[in-house]
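Visitor: Contents of upload.cif (mmCIF, N, CA and C atoms):
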data_work
loop_
_atom_site.group_PDB
_atom_site.id
_atom_site.type_symbol
_atom_site.label_atom_id
_atom_site.label_comp_id
_atom_site.auth_asym_id
_atom_site.auth_seq_id
_atom_site.Cartn_x
_atom_site.Cartn_y
_atom_site.Cartn_z
ATOM 1 N N TYR A 1 0.775 -3.263 -17.092
ATOM 2 C CA TYR A 1 0.327 -2.011 -17.662
ATOM 3 C C TYR A 1 1.536 -1.123 -17.947
ATOM 4 N N ASP A 2 1.427 -0.317 -19.005
ATOM 5 C CA ASP A 2 2.488 0.652 -19.251
ATOM 6 C C ASP A 2 2.182 1.937 -18.476
ATOM 7 N N LEU A 3 3.017 2.960 -18.625
ATOM 8 C CA LEU A 3 2.821 4.207 -17.872
ATOM 9 C C LEU A 3 1.536 4.929 -18.234
ATOM 10 N N LYS A 4 0.990 4.650 -19.405
ATOM 11 C CA LYS A 4 -0.266 5.273 -19.824
ATOM 12 C C LYS A 4 -1.485 4.499 -19.330
ATOM 13 N N GLY A 5 -1.246 3.356 -18.659
ATOM 14 C CA GLY A 5 -2.335 2.550 -18.130
ATOM 15 C C GLY A 5 -2.876 1.522 -19.093
ATOM 16 N N ALA A 6 -2.215 1.358 -20.234
ATOM 17 C CA ALA A 6 -2.674 0.376 -21.223
ATOM 18 C C ALA A 6 -2.223 -1.025 -20.820
ATOM 19 N N LEU A 7 -3.129 -1.982 -20.924
ATOM 20 C CA LEU A 7 -2.805 -3.375 -20.627
ATOM 21 C C LEU A 7 -1.858 -3.897 -21.692
ATOM 22 N N ILE A 8 -0.707 -4.412 -21.273
ATOM 23 C CA ILE A 8 0.317 -4.912 -22.185
ATOM 24 C C ILE A 8 0.167 -6.413 -22.390
ATOM 25 N N ASP A 9 -0.075 -7.134 -21.318
ATOM 26 C CA ASP A 9 -0.094 -8.590 -21.367
ATOM 27 C C ASP A 9 -0.934 -9.111 -20.213
ATOM 28 N N GLN A 10 -1.430 -10.318 -20.375
ATOM 29 C CA GLN A 10 -2.200 -10.948 -19.305
ATOM 30 C C GLN A 10 -1.937 -12.439 -19.368
ATOM 31 N N LYS A 11 -1.522 -13.021 -18.238
ATOM 32 C CA LYS A 11 -1.194 -14.443 -18.188
ATOM 33 C C LYS A 11 -1.632 -15.024 -16.863
ATOM 34 N N ALA A 12 -1.939 -16.301 -16.886
ATOM 35 C CA ALA A 12 -2.226 -17.029 -15.654
ATOM 36 C C ALA A 12 -0.932 -17.695 -15.198
ATOM 37 N N LEU A 13 -0.570 -17.495 -13.948
ATOM 38 C CA LEU A 13 0.624 -18.109 -13.383
ATOM 39 C C LEU A 13 0.206 -19.270 -12.510
ATOM 40 N N SER A 14 1.065 -20.282 -12.446
ATOM 41 C CA SER A 14 0.746 -21.422 -11.594
ATOM 42 C C SER A 14 1.913 -21.698 -10.657
ATOM 43 N N GLU A 15 1.574 -22.108 -9.464
ATOM 44 C CA GLU A 15 2.613 -22.436 -8.488
ATOM 45 C C GLU A 15 3.263 -23.742 -8.900
ATOM 46 N N PRO A 16 4.497 -24.038 -8.573
ATOM 47 C CA PRO A 16 5.373 -23.264 -7.704
ATOM 48 C C PRO A 16 6.224 -22.246 -8.453
ATOM 49 N N GLU A 17 6.188 -22.219 -9.786
ATOM 50 C CA GLU A 17 7.083 -21.345 -10.541
ATOM 51 C C GLU A 17 6.745 -19.869 -10.386
ATOM 52 N N ASN A 18 5.541 -19.477 -10.738
ATOM 53 C CA ASN A 18 5.117 -18.077 -10.644
ATOM 54 C C ASN A 18 6.115 -17.119 -11.283
ATOM 55 N N GLU A 19 6.579 -17.447 -12.485
ATOM 56 C CA GLU A 19 7.523 -16.594 -13.204
ATOM 57 C C GLU A 19 6.830 -15.921 -14.376
ATOM 58 N N PHE A 20 7.229 -14.685 -14.646
ATOM 59 C CA PHE A 20 6.651 -13.908 -15.736
ATOM 60 C C PHE A 20 7.806 -13.370 -16.563
ATOM 61 N N ASP A 21 7.941 -13.818 -17.804
ATOM 62 C CA ASP A 21 9.064 -13.456 -18.668
ATOM 63 C C ASP A 21 8.812 -12.100 -19.327
ATOM 64 N N ILE A 22 9.686 -11.130 -19.032
ATOM 65 C CA ILE A 22 9.560 -9.799 -19.643
ATOM 66 C C ILE A 22 10.742 -9.506 -20.568
ATOM 67 N N SER A 23 11.468 -10.523 -20.972
ATOM 68 C CA SER A 23 12.661 -10.311 -21.799
ATOM 69 C C SER A 23 12.330 -9.681 -23.152
ATOM 70 N N ASN A 24 11.116 -9.886 -23.651
ATOM 71 C CA ASN A 24 10.739 -9.315 -24.951
ATOM 72 C C ASN A 24 10.098 -7.927 -24.825
ATOM 73 N N TYR A 25 9.994 -7.387 -23.618
ATOM 74 C CA TYR A 25 9.434 -6.051 -23.410
ATOM 75 C C TYR A 25 10.494 -4.993 -23.695
ATOM 76 N N SER A 26 10.078 -3.866 -24.197
ATOM 77 C CA SER A 26 10.983 -2.731 -24.399
ATOM 78 C C SER A 26 11.399 -2.164 -23.047
ATOM 79 N N SER A 27 12.501 -1.419 -23.037
ATOM 80 C CA SER A 27 12.916 -0.735 -21.813
ATOM 81 C C SER A 27 11.826 0.239 -21.395
ATOM 82 N N GLY A 28 11.612 0.356 -20.095
ATOM 83 C CA GLY A 28 10.595 1.268 -19.598
ATOM 84 C C GLY A 28 10.135 0.889 -18.211
ATOM 85 N N VAL A 29 9.076 1.537 -17.763
ATOM 86 C CA VAL A 29 8.496 1.296 -16.446
ATOM 87 C C VAL A 29 7.161 0.599 -16.646
ATOM 88 N N TYR A 30 6.959 -0.481 -15.920
ATOM 89 C CA TYR A 30 5.737 -1.268 -16.033
ATOM 90 C C TYR A 30 5.147 -1.496 -14.653
ATOM 91 N N THR A 31 3.832 -1.554 -14.577
ATOM 92 C CA THR A 31 3.138 -1.911 -13.347
ATOM 93 C C THR A 31 2.503 -3.276 -13.559
ATOM 94 N N PHE A 32 2.841 -4.194 -12.673
ATOM 95 C CA PHE A 32 2.268 -5.532 -12.740
ATOM 96 C C PHE A 32 1.232 -5.669 -11.642
ATOM 97 N N GLU A 33 0.088 -6.236 -11.989
ATOM 98 C CA GLU A 33 -0.959 -6.479 -11.008
ATOM 99 C C GLU A 33 -1.217 -7.969 -10.972
ATOM 100 N N PHE A 34 -1.076 -8.543 -9.789
ATOM 101 C CA PHE A 34 -1.290 -9.970 -9.593
ATOM 102 C C PHE A 34 -2.494 -10.164 -8.695
ATOM 103 N N THR A 35 -3.287 -11.175 -8.989
ATOM 104 C CA THR A 35 -4.390 -11.560 -8.125
ATOM 105 C C THR A 35 -4.062 -12.929 -7.553
ATOM 106 N N THR A 36 -3.994 -13.024 -6.236
ATOM 107 C CA THR A 36 -3.639 -14.277 -5.587
ATOM 108 C C THR A 36 -4.813 -15.247 -5.630
ATOM 109 N N ALA A 37 -4.542 -16.489 -5.265
ATOM 110 C CA ALA A 37 -5.575 -17.526 -5.276
ATOM 111 C C ALA A 37 -6.748 -17.169 -4.372
ATOM 112 N N ASP A 38 -6.486 -16.404 -3.304
ATOM 113 C CA ASP A 38 -7.575 -16.023 -2.397
ATOM 114 C C ASP A 38 -8.197 -14.671 -2.746
ATOM 115 N N GLY A 39 -7.845 -14.123 -3.939
ATOM 116 C CA GLY A 39 -8.497 -12.920 -4.438
ATOM 117 C C GLY A 39 -7.828 -11.601 -4.099
ATOM 118 N N GLN A 40 -6.707 -11.628 -3.374
ATOM 119 C CA GLN A 40 -6.006 -10.387 -3.047
ATOM 120 C C GLN A 40 -5.266 -9.871 -4.270
ATOM 121 N N LYS A 41 -5.282 -8.546 -4.463
ATOM 122 C CA LYS A 41 -4.562 -7.928 -5.577
ATOM 123 C C LYS A 41 -3.267 -7.318 -5.054
ATOM 124 N N VAL A 42 -2.180 -7.587 -5.790
ATOM 125 C CA VAL A 42 -0.858 -7.082 -5.441
ATOM 126 C C VAL A 42 -0.311 -6.365 -6.661
ATOM 127 N N GLN A 43 0.198 -5.145 -6.479
ATOM 128 C CA GLN A 43 0.796 -4.398 -7.589
ATOM 129 C C GLN A 43 2.283 -4.221 -7.337
ATOM 130 N N LYS A 44 3.071 -4.385 -8.402
ATOM 131 C CA LYS A 44 4.518 -4.182 -8.351
ATOM 132 C C LYS A 44 4.931 -3.334 -9.535
ATOM 133 N N LYS A 45 5.807 -2.370 -9.300
ATOM 134 C CA LYS A 45 6.338 -1.532 -10.375
ATOM 135 C C LYS A 45 7.720 -2.064 -10.731
ATOM 136 N N ILE A 46 7.960 -2.294 -12.024
ATOM 137 C CA ILE A 46 9.218 -2.845 -12.517
ATOM 138 C C ILE A 46 9.830 -1.857 -13.504
ATOM 139 N N ILE A 47 11.123 -1.592 -13.350
ATOM 140 C CA ILE A 47 11.863 -0.770 -14.306
ATOM 141 C C ILE A 47 12.770 -1.698 -15.090
ATOM 142 N N LYS A 48 12.586 -1.734 -16.411
ATOM 143 C CA LYS A 48 13.408 -2.579 -17.273
ATOM 144 C C LYS A 48 14.342 -1.684 -18.069
ATOM 145 N N ASN A 49 15.643 -1.967 -17.972
ATOM 146 C CA ASN A 49 16.649 -1.196 -18.717
ATOM 147 C C ASN A 49 16.944 -1.853 -20.039
#
Let me see whether you can do it: turn the structure in this file into structure tokens.
Guide:
Amino acid sequence: YDLKGALIDQKALSEPENEFDISNYSSGVYTFEFTTADGQKVQKKIIKN
């Protein structure tokens, strides 16, 4: 999500990699929300320069 709360992207990740490429994103602050296999939600804030 961007700072305005708009969904930017949505992808399914698979183990063991669990990588999310943000190289094509503009500089800014993003909030990532991940849902684990057991249903837990984890949020991380990323600042891209």
Visitor: Please identify all polymer residues within 6.5 Å of Leu3 (chain A), counting all atoms listed in the file, omitting same-chain residues fewer than 6 positions from it, and present them as a PyMOL selection string.
Guide: chain A and resi 29-31
Visitor: Given the file above and the PyMOL selection byres ((chain A and resi 28) around 6.5), which residues are selected, and can you give them as a list in words?
Guide: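 Here the PyMOL selection byres ((chain A and resi 28) around 6.5) matches Ser26, Ser27, Val29, Tyr30, Ile46, Ile47, Lys48 and Asn49 of chain A.
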Visitor: Would you mind reading off the distance between atom C of Glu19 (chain A) and CA of Thr36 (chain A), one decimal, in Å?
Guide: 13.8 Å
Visitor: Got a sec to tell me which of chain A DSSP assigns to strand (DSSP E), as a list in words?
Guide: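 Those residues are Gly28, Val29, Tyr30, Thr31, Phe32, Glu33, Phe34, Thr35, Lys41, Val42, Gln43, Lys44, Lys45, Ile46, Ile47 and Lys48 of chain A.
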Visitor: Give the answer as one residue: which of A:Ser14, A:Phe20, A:Tyr1, A:Asp9 has the shortest atom-to-atom distance to Phe32 (chain A), using all atoms listed in the file?
Guide: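 The shortest atom-to-atom distance to Phe32 (chain A) comes from A:Tyr1.
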Visitor: Record the distance separating CA of Leu13 (chain A) and atom N of Glu33 (chain A), expressed in Å with one decimal.
Guide: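 According to the coordinates, CA of Leu13 (chain A) and atom N of Glu33 (chain A) are separated by 12.0 Å.
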Visitor: Would you compute, for all listed atoms of region 24-29 of chain A, the axis-aligned bounding box grown by 3 Å on each side, and then report its centre and edge lengths in Å rounded to one decimal, as lines of an AutoDock Vina configuration file?
Guide:
center_x = 10.0
center_y = -4.2
center_z = -20.7
size_x = 11.8
size_y = 17.4
size_z = 14.5
Visitor: Please compute the atom C of Asp2 (chain A)-atom C of Val42 (chain A) distance, one decimal, in Å.
Guide: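 Separating atom C of Asp2 (chain A) from atom C of Val42 (chain A) is a distance of 14.7 Å.
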